[in-house]
file structure-v3.tsv (TSV, C-alpha atoms and all ligand atoms)
chain	number	residue	atom	x	y	z
J	2	MET	CA	133.49	16.49	-31.52
J	3	LEU	CA	131.36	16.42	-28.38
J	4	THR	CA	129.54	19.56	-29.55
J	5	ALA	CA	128.76	17.95	-32.91
J	6	ARG	CA	127.52	14.76	-31.30
J	7	GLU	CA	125.31	16.65	-28.85
J	8	LEU	CA	123.75	18.75	-31.63
J	9	HIS	CA	123.28	15.71	-33.84
J	10	LYS	CA	121.48	13.93	-31.01
J	11	ALA	CA	119.20	16.97	-30.73
J	12	GLY	CA	118.23	16.54	-34.38
J	13	VAL	CA	120.52	19.12	-36.01
J	14	GLU	CA	122.28	18.32	-39.28
J	15	VAL	CA	125.95	18.77	-38.43
J	16	LEU	CA	129.16	18.90	-40.46
J	17	VAL	CA	132.49	18.89	-38.62
J	18	ILE	CA	135.33	20.54	-40.52
J	19	GLU	CA	138.70	19.60	-39.02
J	20	ARG	CA	142.10	20.86	-40.08
J	21	GLY	CA	143.98	17.68	-39.14
J	22	PRO	CA	142.81	14.23	-38.14
J	23	LEU	CA	139.73	14.29	-35.90
J	24	GLY	CA	140.67	14.79	-32.24
J	25	GLY	CA	144.37	14.88	-33.02
J	26	GLU	CA	145.34	17.97	-31.00
J	27	SER	CA	144.92	18.84	-27.34
J	28	SER	CA	142.07	16.38	-26.86
J	29	TRP	CA	144.43	13.57	-27.87
J	30	ALA	CA	147.40	14.90	-25.88
J	31	GLY	CA	145.79	15.49	-22.49
J	32	GLY	CA	145.86	13.45	-19.33
J	33	GLY	CA	142.11	12.90	-19.08
J	34	ILE	CA	141.79	13.61	-15.37
J	35	ILE	CA	138.09	14.18	-14.76
J	36	SER	CA	138.77	17.01	-12.35
J	37	PRO	CA	140.59	20.30	-12.49
J	38	LEU	CA	143.96	20.12	-10.74
J	39	TYR	CA	143.44	22.01	-7.45
J	40	PRO	CA	139.74	22.68	-8.23
J	41	TRP	CA	139.42	25.07	-5.26
J	42	ARG	CA	141.67	27.51	-7.10
J	43	TYR	CA	139.06	27.92	-9.83
J	44	SER	CA	135.89	29.99	-9.95
J	45	ARG	CA	132.42	28.58	-9.36
J	46	SER	CA	131.73	28.82	-13.09
J	47	VAL	CA	134.54	26.31	-13.78
J	48	ASN	CA	133.53	24.03	-10.90
J	49	ARG	CA	129.88	24.07	-11.95
J	50	LEU	CA	130.85	22.67	-15.37
J	51	ALA	CA	133.28	20.18	-13.85
J	52	GLU	CA	130.80	18.84	-11.31
J	53	THR	CA	128.07	18.54	-13.97
J	54	SER	CA	130.45	16.72	-16.32
J	55	LYS	CA	131.40	14.23	-13.62
J	56	THR	CA	127.78	13.09	-13.55
J	57	ILE	CA	127.63	12.83	-17.37
J	58	TYR	CA	130.84	10.86	-18.03
J	59	PRO	CA	129.85	7.38	-16.82
J	60	GLY	CA	126.79	7.33	-19.11
J	61	LEU	CA	128.65	9.02	-21.95
J	62	ALA	CA	131.52	6.50	-21.85
J	63	GLN	CA	128.99	3.67	-21.94
J	64	GLN	CA	127.12	5.18	-24.89
J	65	LEU	CA	130.36	5.76	-26.77
J	66	GLN	CA	131.41	2.16	-26.19
J	67	HIS	CA	128.03	0.97	-27.41
J	68	GLU	CA	128.22	3.15	-30.53
J	69	SER	CA	131.89	2.64	-31.37
J	70	GLY	CA	132.99	-0.60	-29.69
J	71	VAL	CA	135.85	1.39	-28.09
J	72	ASP	CA	136.37	1.36	-24.33
J	73	CYS	CA	137.53	4.87	-23.30
J	74	GLU	CA	138.91	3.41	-20.06
J	75	LEU	CA	136.94	5.66	-17.76
J	76	ILE	CA	138.17	4.48	-14.38
J	77	SER	CA	137.72	5.77	-10.89
J	78	SER	CA	141.34	5.66	-9.79
J	79	GLY	CA	141.02	8.51	-7.29
J	80	LEU	CA	143.37	11.46	-6.93
J	81	LEU	CA	145.84	11.89	-4.11
J	82	PHE	CA	147.17	15.41	-3.42
J	83	THR	CA	150.40	15.30	-1.46
J	84	ASP	CA	150.27	18.96	-0.42
J	85	LEU	CA	148.38	19.99	2.71
J	86	GLN	CA	149.01	23.75	2.50
J	87	GLU	CA	145.65	24.37	0.88
J	88	GLN	CA	143.69	22.02	3.15
J	89	PRO	CA	141.19	24.67	4.40
J	90	GLN	CA	140.35	25.78	0.85
J	91	ALA	CA	140.11	22.17	-0.30
J	92	GLU	CA	137.79	21.24	2.56
J	93	SER	CA	135.50	24.17	1.99
J	94	TRP	CA	135.40	23.38	-1.77
J	95	ALA	CA	134.60	19.71	-1.02
J	96	ARG	CA	131.76	20.75	1.31
J	97	GLU	CA	130.31	23.13	-1.26
J	98	TRP	CA	130.32	20.57	-4.08
J	99	SER	CA	129.68	17.47	-1.92
J	100	VAL	CA	132.92	15.81	-2.94
J	101	ASP	CA	134.39	13.04	-0.78
J	102	LEU	CA	137.71	14.45	0.47
J	103	GLN	CA	139.72	12.74	3.18
J	104	VAL	CA	142.61	14.34	5.02
J	105	ILE	CA	145.34	11.74	5.51
J	106	THR	CA	147.94	12.48	8.18
J	107	ASP	CA	149.11	8.95	8.76
J	108	ALA	CA	152.04	7.59	6.73
J	109	HIS	CA	150.76	4.01	6.92
J	110	GLN	CA	147.32	5.02	5.64
J	111	ILE	CA	148.64	7.07	2.72
J	112	HIS	CA	150.84	4.15	1.62
J	113	GLU	CA	147.86	1.85	1.80
J	114	ILE	CA	146.13	4.13	-0.69
J	115	GLU	CA	149.16	4.09	-3.04
J	116	PRO	CA	151.82	1.57	-1.97
J	117	GLN	CA	154.31	2.87	-4.54
J	118	LEU	CA	154.26	6.41	-3.12
J	119	SER	CA	157.62	7.74	-1.95
J	120	THR	CA	158.26	7.09	1.75
J	121	ALA	CA	159.14	10.79	2.03
J	122	ILE	CA	155.42	11.57	1.60
J	123	ASP	CA	153.45	10.98	4.80
J	124	SER	CA	150.29	13.07	4.43
J	125	GLY	CA	147.89	14.36	1.82
J	126	LEU	CA	144.35	14.90	0.62
J	127	TRP	CA	142.59	11.88	-0.85
J	128	LEU	CA	139.70	12.19	-3.30
J	129	PRO	CA	138.67	8.59	-3.96
J	130	ASP	CA	135.94	9.31	-6.53
J	131	ILE	CA	137.96	11.23	-9.11
J	132	MET	CA	137.90	9.49	-12.49
J	133	GLN	CA	140.22	9.50	-15.48
J	134	ILE	CA	139.63	8.74	-19.15
J	135	ARG	CA	142.21	7.73	-21.73
J	136	ASN	CA	142.34	10.54	-24.28
J	137	PRO	CA	143.41	8.70	-27.45
J	138	LYS	CA	140.68	6.14	-26.77
J	139	LEU	CA	138.13	8.87	-26.11
J	140	VAL	CA	138.78	10.54	-29.47
J	141	LYS	CA	138.81	7.15	-31.21
J	142	ALA	CA	135.45	6.33	-29.60
J	143	MET	CA	134.12	9.73	-30.67
J	144	LYS	CA	135.15	9.07	-34.25
J	145	GLY	CA	133.53	5.63	-34.07
J	146	SER	CA	130.41	7.30	-32.73
J	147	PHE	CA	130.41	9.71	-35.71
J	148	GLU	CA	130.49	6.69	-38.05
J	149	ALA	CA	127.76	4.87	-36.14
J	150	LEU	CA	125.46	7.88	-35.89
J	151	GLY	CA	126.16	9.15	-39.41
J	152	ILE	CA	127.69	12.48	-38.30
J	153	LYS	CA	129.41	13.97	-41.33
J	154	TYR	CA	132.96	15.24	-41.08
J	155	PHE	CA	135.87	16.36	-43.22
J	156	GLU	CA	139.41	15.83	-41.99
J	157	HIS	CA	142.52	17.63	-43.28
J	158	THR	CA	140.33	20.55	-44.29
J	159	PRO	CA	141.33	23.82	-42.60
J	160	VAL	CA	138.64	26.48	-42.32
J	161	GLN	CA	140.17	29.59	-43.84
J	162	GLU	CA	137.52	32.11	-42.86
J	163	LEU	CA	133.96	32.61	-41.77
J	164	VAL	CA	131.48	33.78	-44.40
J	165	VAL	CA	129.47	36.64	-42.87
J	166	GLU	CA	127.01	38.85	-44.76
J	167	ALA	CA	125.32	41.86	-43.15
J	168	GLY	CA	126.09	40.57	-39.67
J	169	VAL	CA	124.69	37.09	-40.34
J	170	ILE	CA	126.76	33.90	-40.64
J	171	LYS	CA	126.42	32.16	-43.98
J	172	GLY	CA	128.98	29.38	-43.65
J	173	VAL	CA	132.72	28.79	-43.76
J	174	LYS	CA	135.33	28.89	-46.47
J	175	THR	CA	137.98	26.20	-47.01
J	176	ALA	CA	140.53	25.65	-49.78
J	177	THR	CA	138.25	23.06	-51.36
J	178	GLY	CA	134.99	24.94	-51.15
J	179	THR	CA	132.58	27.08	-49.19
J	180	TYR	CA	130.12	25.28	-46.96
J	181	ALA	CA	126.80	26.95	-46.27
J	182	ALA	CA	125.39	26.86	-42.77
J	183	ASP	CA	122.92	28.95	-40.85
J	184	LYS	CA	124.78	28.24	-37.63
J	185	VAL	CA	128.53	27.85	-37.07
J	186	VAL	CA	130.21	26.81	-33.80
J	187	ILE	CA	133.86	27.71	-33.38
J	188	ALA	CA	135.34	24.83	-31.35
J	189	SER	CA	138.90	24.97	-32.58
J	190	GLY	CA	140.72	24.92	-29.27
J	191	ALA	CA	143.92	26.95	-29.09
J	192	TRP	CA	143.29	28.20	-32.63
J	193	SER	CA	139.90	29.77	-31.87
J	194	ALA	CA	140.96	33.40	-31.52
J	195	GLY	CA	141.90	33.95	-35.15
J	196	PHE	CA	138.41	33.59	-36.59
J	197	ILE	CA	136.66	36.54	-35.04
J	198	LYS	CA	137.24	40.21	-35.61
J	199	HIS	CA	135.32	41.96	-32.86
J	200	GLU	CA	136.13	44.81	-30.53
J	201	LYS	CA	136.32	42.22	-27.76
J	202	ASN	CA	137.94	39.15	-29.21
J	203	VAL	CA	138.09	35.56	-27.99
J	204	ALA	CA	141.11	35.72	-25.70
J	205	VAL	CA	142.45	32.21	-26.20
J	206	GLU	CA	146.15	31.54	-26.55
J	207	PRO	CA	148.13	28.30	-26.89
J	208	VAL	CA	149.81	26.98	-23.74
J	209	LYS	CA	152.08	24.07	-24.51
J	210	GLY	CA	152.00	21.03	-22.26
J	211	GLN	CA	154.58	18.27	-22.52
J	212	MET	CA	154.00	14.83	-21.11
J	213	ILE	CA	156.10	11.67	-20.78
J	214	MET	CA	154.83	8.10	-20.63
J	215	PHE	CA	156.53	5.22	-18.82
J	216	ARG	CA	155.96	1.61	-19.68
J	217	GLY	CA	155.10	-0.22	-16.48
J	218	GLU	CA	153.36	-3.31	-15.18
J	219	PRO	CA	149.55	-3.31	-14.98
J	220	GLY	CA	148.34	-2.71	-11.43
J	221	LEU	CA	151.72	-1.65	-10.00
J	222	ILE	CA	150.64	1.99	-9.56
J	223	LYS	CA	146.96	2.41	-8.80
J	224	ARG	CA	146.23	6.04	-8.04
J	225	MET	CA	146.58	9.39	-9.72
J	226	VAL	CA	148.91	11.51	-7.62
J	227	LEU	CA	149.42	15.28	-7.75
J	228	SER	CA	152.41	16.79	-6.02
J	229	SER	CA	153.60	20.40	-6.29
J	230	GLY	CA	152.00	20.82	-9.70
J	231	HIS	CA	153.32	17.54	-11.14
J	232	TYR	CA	151.06	14.56	-11.64
J	233	ILE	CA	151.13	10.83	-12.29
J	234	ILE	CA	148.33	9.05	-14.15
J	235	PRO	CA	148.47	5.24	-14.18
J	236	ARG	CA	146.57	3.66	-17.09
J	237	LYS	CA	144.87	0.28	-17.06
J	238	ASP	CA	147.60	-1.44	-19.10
J	239	GLY	CA	150.44	-0.34	-16.81
J	240	ARG	CA	151.53	2.71	-18.77
J	241	VAL	CA	152.05	5.74	-16.55
J	242	LEU	CA	151.76	9.34	-17.73
J	243	ALA	CA	153.72	12.07	-15.98
J	244	GLY	CA	152.94	15.69	-16.68
J	245	SER	CA	153.06	18.38	-17.49
J	246	THR	CA	154.82	21.55	-18.51
J	247	LEU	CA	153.15	24.95	-18.94
J	248	GLU	CA	154.88	26.85	-21.72
J	249	ARG	CA	153.78	29.99	-23.51
J	250	THR	CA	155.77	29.50	-26.70
J	251	GLY	CA	153.13	30.07	-29.37
J	252	PHE	CA	151.92	27.33	-31.69
J	253	ASP	CA	155.07	25.26	-31.26
J	254	LYS	CA	154.76	21.61	-30.25
J	255	THR	CA	158.45	20.69	-30.11
J	256	ILE	CA	159.36	18.33	-27.29
J	257	THR	CA	162.47	19.17	-25.30
J	258	GLU	CA	165.14	17.35	-23.34
J	259	ASP	CA	164.68	19.85	-20.48
J	260	ALA	CA	161.08	18.71	-20.13
J	261	THR	CA	162.09	15.03	-20.19
J	262	VAL	CA	164.53	15.60	-17.35
J	263	GLU	CA	162.17	17.74	-15.27
J	264	LEU	CA	159.10	15.53	-15.72
J	265	ARG	CA	161.11	12.39	-14.98
J	266	ARG	CA	162.71	13.93	-11.88
J	267	ALA	CA	159.35	15.04	-10.49
J	268	ALA	CA	157.70	11.70	-11.30
J	269	VAL	CA	160.43	9.65	-9.59
J	270	GLU	CA	160.20	11.91	-6.55
J	271	ILE	CA	156.51	10.96	-6.24
J	272	ILE	CA	156.83	7.28	-7.24
J	273	PRO	CA	160.43	6.01	-6.92
J	274	ALA	CA	159.60	2.79	-8.83
J	275	LEU	CA	159.31	4.88	-12.01
J	276	ASP	CA	163.09	5.22	-11.94
J	277	ASP	CA	163.35	1.64	-13.21
J	278	MET	CA	160.90	2.15	-16.04
J	279	GLU	CA	161.67	3.11	-19.57
J	280	ILE	CA	160.17	6.29	-21.03
J	281	GLU	CA	158.23	4.98	-23.99
J	282	ARG	CA	157.02	8.24	-25.43
J	283	GLN	CA	156.99	12.01	-25.01
J	284	TRP	CA	154.62	14.46	-26.64
J	285	ALA	CA	153.26	17.99	-26.47
J	286	GLY	CA	149.80	19.45	-26.89
J	287	LEU	CA	148.50	23.01	-27.09
J	288	ARG	CA	145.94	23.87	-24.46
J	289	PRO	CA	143.39	26.54	-25.37
J	290	GLY	CA	144.55	28.94	-22.67
J	291	THR	CA	142.36	31.55	-21.03
J	292	GLU	CA	143.49	33.67	-18.11
J	293	GLN	CA	141.18	32.16	-15.48
J	294	GLY	CA	140.41	28.91	-17.28
J	295	ILE	CA	136.77	29.93	-17.84
J	296	PRO	CA	135.69	28.82	-21.32
J	297	TYR	CA	133.64	30.74	-23.86
J	298	ILE	CA	130.31	28.96	-24.34
J	299	CYS	CA	128.20	31.56	-26.04
J	300	SER	CA	126.66	33.12	-29.09
J	301	HIS	CA	128.50	35.98	-30.73
J	302	PRO	CA	126.80	39.28	-29.86
J	303	ALA	CA	127.43	40.90	-33.26
J	304	ILE	CA	127.22	37.99	-35.72
J	305	GLU	CA	123.91	36.18	-35.89
J	306	GLY	CA	124.26	32.41	-36.03
J	307	LEU	CA	127.85	32.32	-34.76
J	308	TYR	CA	128.69	30.45	-31.56
J	309	ILE	CA	131.86	29.71	-29.62
J	310	ASN	CA	132.75	26.72	-27.45
J	311	ALA	CA	136.45	27.17	-26.74
J	312	GLY	CA	139.07	28.20	-24.20
J	313	HIS	CA	138.81	25.31	-21.74
J	314	TYR	CA	142.52	25.63	-20.94
J	315	ARG	CA	143.74	22.82	-18.64
J	316	ASN	CA	140.29	21.29	-18.19
J	317	GLY	CA	138.71	20.72	-21.58
J	318	VAL	CA	138.01	17.05	-21.01
J	319	VAL	CA	136.44	17.45	-17.59
J	320	LEU	CA	134.52	20.58	-18.59
J	321	GLY	CA	133.67	19.29	-22.06
J	322	ALA	CA	130.64	17.12	-21.35
J	323	ALA	CA	128.78	19.90	-19.52
J	324	SER	CA	130.00	22.60	-21.92
J	325	VAL	CA	128.48	20.90	-24.93
J	326	ARG	CA	125.17	20.47	-23.16
J	327	LEU	CA	125.08	24.21	-22.48
J	328	MET	CA	126.31	25.00	-26.00
J	329	ALA	CA	123.56	22.90	-27.56
J	330	GLU	CA	120.91	24.59	-25.41
J	331	ILE	CA	122.17	28.01	-26.52
J	332	VAL	CA	122.35	27.00	-30.20
J	333	LEU	CA	118.85	25.55	-30.07
J	334	GLY	CA	117.46	28.60	-28.25
J	335	GLN	CA	116.32	26.49	-25.31
J	336	SER	CA	116.28	27.55	-21.69
J	337	THR	CA	119.68	26.70	-20.26
J	338	SER	CA	120.37	24.23	-17.46
J	339	LEU	CA	123.23	26.41	-16.16
J	340	ASP	CA	123.52	30.18	-15.95
J	341	PRO	CA	125.31	31.04	-19.22
J	342	ALA	CA	126.48	34.53	-18.11
J	343	PRO	CA	130.03	33.59	-16.95
J	344	TYR	CA	130.78	32.02	-20.34
J	345	ALA	CA	129.65	34.95	-22.53
J	346	LEU	CA	132.09	36.69	-24.87
J	347	ASP	CA	132.11	39.85	-22.77
J	348	ALA	CA	132.54	38.09	-19.38
J	349	ALA	CA	135.93	37.71	-17.69
J	350	HIS	CA	137.69	34.54	-18.83
A	401	LIG	C1	149.55	17.94	-21.60
A	401	LIG	C2	148.08	18.21	-21.42
A	401	LIG	C3	147.40	17.64	-20.35
A	401	LIG	C4	146.05	17.88	-20.17
A	401	LIG	N1	145.39	17.24	-19.17
A	401	LIG	C5	144.05	17.42	-19.01
A	401	LIG	C6	143.33	16.69	-18.02
A	401	LIG	O1	143.90	15.86	-17.32
A	401	LIG	N2	141.99	16.91	-17.90
A	401	LIG	C7	141.33	17.81	-18.69
A	401	LIG	O2	140.12	17.99	-18.53
A	401	LIG	N3	141.99	18.51	-19.66
A	401	LIG	C8	143.33	18.33	-19.83
A	401	LIG	N4	144.01	19.03	-20.79
A	401	LIG	C9	143.29	20.08	-21.54
A	401	LIG	C10	142.40	19.51	-22.61
A	401	LIG	O3	143.12	18.53	-23.32
A	401	LIG	C11	141.93	20.64	-23.54
A	401	LIG	O4	141.35	21.68	-22.77
A	401	LIG	C12	140.88	20.13	-24.51
A	401	LIG	O5	141.34	18.98	-25.16
A	401	LIG	C13	140.52	21.20	-25.52
A	401	LIG	O6	139.63	20.65	-26.45
A	401	LIG	P1	139.25	21.45	-27.75
A	401	LIG	O7	138.35	20.56	-28.54
A	401	LIG	O8	138.79	22.81	-27.40
A	401	LIG	O9	140.66	21.65	-28.50
A	401	LIG	P2	141.46	20.62	-29.42
A	401	LIG	O10	141.38	19.23	-28.91
A	401	LIG	O11	142.81	21.21	-29.61
A	401	LIG	O12	140.66	20.63	-30.76
A	401	LIG	C14	140.59	21.76	-31.59
A	401	LIG	C15	140.61	21.26	-33.03
A	401	LIG	O13	140.39	22.36	-33.91
A	401	LIG	C16	141.15	22.10	-35.06
A	401	LIG	N5	141.37	23.32	-35.82
A	401	LIG	C17	142.18	24.36	-35.50
A	401	LIG	N6	142.14	25.30	-36.46
A	401	LIG	C18	141.30	24.85	-37.39
A	401	LIG	C19	140.83	25.36	-38.64
A	401	LIG	N7	141.27	26.55	-39.10
A	401	LIG	N8	139.97	24.64	-39.37
A	401	LIG	C20	139.52	23.44	-38.92
A	401	LIG	N9	139.92	22.89	-37.75
A	401	LIG	C21	140.78	23.60	-36.99
A	401	LIG	C22	142.44	21.48	-34.54
A	401	LIG	O14	143.10	20.76	-35.56
A	401	LIG	C23	141.94	20.62	-33.40
A	401	LIG	O15	141.76	19.27	-33.75
A	401	LIG	C24	145.35	18.77	-21.04
A	401	LIG	C25	146.03	19.31	-22.13
A	401	LIG	C26	147.37	19.04	-22.33
A	401	LIG	C27	148.06	19.60	-23.53

call {"tool": "encode", "arguments": {"input": "structure-v3.tsv", "output": "structure tokens", "more": "lines below"}}
Ligand SMILES: Cc1cc2nc3c(=O)[nH]c(=O)nc-3n(C[C@H](O)[C@H](O)[C@H](O)COP(=O)(O)OP(=O)(O)OC[C@H]3O[C@@H](n4cnc5c(N)ncnc54)[C@H](O)[C@@H]3O)c2cc1C
result
Amino acid sequence: MLTARELHKAGVEVLVIERGPLGGESSWAGGGIISPLYPWRYSRSVNRLAETSKTIYPGLAQQLQHESGVDCELISSGLLFTDLQEQPQAESWAREWSVDLQVITDAHQIHEIEPQLSTAIDSGLWLPDIMQIRNPKLVKAMKGSFEALGIKYFEHTPVQELVVEAGVIKGVKTATGTYAADKVVIASGAWSAGFIKHEKNVAVEPVKGQMIMFRGEPGLIKRMVLSSGHYIIPRKDGRVLAGSTLERTGFDKTITEDATVELRRAAVEIIPALDDMEIERQWAGLRPGTEQGIPYICSHPAIEGLYINAGHYRNGVVLGAASVRLMAEIVLGQSTSLDPAPYALDAAH
């Protein structure tokens, strides 16, 4: 959706063909943290996109609200890491990318940052500027933006195959018709690998993530907290997300009791007050998994007019805004604002 909007804004006539409802898959299901979890564990190519996106989101959220009337709830709630084991790596990452990172070794200070934090936690890394966005609102705003800007789309229309003649893209085929296009961008998340037959394929596979949501009081929990791989995301209206699982079980989105128990246990360990809150909802989404989390943002080397913007794994929201800028530059044959080499089909992902 972001790719389509970016290309439309650049003057391209765009048609989005979506198998389900617009934005109904991973982009709906995610947590919307505008940062990779443990960003220092990722390559520069991932961080470059993330840091660029962070500068785009405030303006983008405003534009989307203006176009759609929907507030995506982009808020700067900060992110508190309760683990100090990776402090040297985190500090060197923060220096490199000029991110405000504070090392907290005082129990009183850490509980001032998040008063609901478990008393068993007395130190951590505090990143006050990390933002979050509320995914269902983001996709709703995107759809509203499509309406406002006149971006055409079909929902409930699966693309069955690409139409390629003599190495040149001609369009896509669906059950209800073939749509001609001189350029096609594959941006179908976890489902992106199936479209291309090439000696080096798009190595994207689904990685299921389950999430639970508590119904809480607005303002009770203020900060996003990440502890031993589990995170808490408090929304503006008091709801609190706790995630997430990492499951390689194919294209299956079943939610499980095991995940409920595990996510609840981990969440209560971080914020004991969650123990008194009801779990309102549980869901699963399929992340477009790549081995190193480096997305494909590239043209296809063997099919003229075919492009790929997929494989953002755990970070598709935070990487998305910068990815689509790069994608549009590539599609339009412009000079690129970032080095595109790490995102090419033949690069390591
Ligand atoms: C539990 C969870 C938590 C997450 N938390 C975060 C986070 O905090 N921050 C962050 O940045 N990222 C997060 N992510 C990752 C992020 O959500 C994804 O990387 C991102 O949404 C991927 O976007 P996408 O557009 O590539 O894929 P999707 O949103 O999955 O969209 C792909 C679309 O392609 C459509 N499609 C598939 N096949 C076809 C076809 N044949 N024809 C037509 N349409 C088709 C699908 O229906 C789908 O709507 C999380 C993900 C999950 C599951």

call {"tool": "residues_around", "arguments": {"input": "structure-v3.tsv", "residues": "Ile134 in chain J", "least_positions_apart": "6", "cutoff": "8 Å", "atoms": "only C-alpha atoms", "output": "list in words"}}
result
Gly32, Gly33, Ile34, Ile35, Cys73, Glu74, Leu75 and Ile76 of chain J

call {"tool": "closest_residue", "arguments": {"input": "structure-v3.tsv", "among": "J:Gly60, J:Gly195, J:Gly306, J:Gly70", "to": "ligand LIG 401 (chain A)", "atoms": "all atoms listed in the file"}}
result
J:Gly195

call {"tool": "closest_residue", "arguments": {"input": "structure-v3.tsv", "among": "J:Asp107, J:Glu7, J:Asp253, J:Asp183", "to": "Leu61 in chain J", "atoms": "only C-alpha atoms"}}
result
J:Glu7

call {"tool": "closest_atom_pairs", "arguments": {"input": "structure-v3.tsv", "of": "chain J", "to": "ligand LIG 401 (chain A)", "cutoff": "6 Å", "atoms": "all atoms listed in the file", "output": "tab-separated table"}}
result
residue	atom	partner	partner_atom	distance
J:Ile18	CA	A:LIG401	C20	5.3
J:Glu19	CA	A:LIG401	N9	3.7
J:Arg20	CA	A:LIG401	N9	3.8
J:Gly21	CA	A:LIG401	O14	4.8
J:Leu23	CA	A:LIG401	O15	5.8
J:Gly24	CA	A:LIG401	O15	4.9
J:Gly25	CA	A:LIG401	O15	5.2
J:Glu26	CA	A:LIG401	O11	4.3
J:Ser27	CA	A:LIG401	O10	3.9
J:Ser28	CA	A:LIG401	O5	3.2
J:Ala30	CA	A:LIG401	C27	5.3
J:Gly31	CA	A:LIG401	C4	3.3
J:Gly32	CA	A:LIG401	O1	3.7
J:Gly33	CA	A:LIG401	O1	3.9
J:Ile34	CA	A:LIG401	O1	3.6
J:Ile35	CA	A:LIG401	N2	5.7
J:Pro159	CA	A:LIG401	N8	3.6
J:Val160	CA	A:LIG401	N8	3.7
J:Gln161	CA	A:LIG401	N7	5.7
J:Ala188	CA	A:LIG401	O8	5.6
J:Ser189	CA	A:LIG401	O13	3.3
J:Gly190	CA	A:LIG401	O9	3.4
J:Ala191	CA	A:LIG401	O11	5.9
J:Trp192	CA	A:LIG401	C17	4.9
J:Gly210	CA	A:LIG401	C1	4.0
J:Gln211	CA	A:LIG401	C1	5.1
J:Met212	CA	A:LIG401	C1	5.5
J:Ser245	CA	A:LIG401	C1	5.4
J:Gly286	CA	A:LIG401	C27	3.8
J:Leu287	CA	A:LIG401	C27	4.9
J:Arg288	CA	A:LIG401	C27	4.9
J:Pro289	CA	A:LIG401	O4	5.9
J:Ala311	CA	A:LIG401	O8	5.0
J:His313	CA	A:LIG401	O4	4.5
J:Tyr314	CA	A:LIG401	O4	4.5
J:Arg315	CA	A:LIG401	C9	4.0
J:Asn316	CA	A:LIG401	O2	3.3
J:Gly317	CA	A:LIG401	O4	3.1
J:Val318	CA	A:LIG401	O2	3.4
J:Val319	CA	A:LIG401	O2	3.8

call {"tool": "atom_distance", "arguments": {"input": "structure-v3.tsv", "atom1": "CA of Ala323 in chain J", "atom2": "CA of His9 in chain J"}}
result
15.9 Å
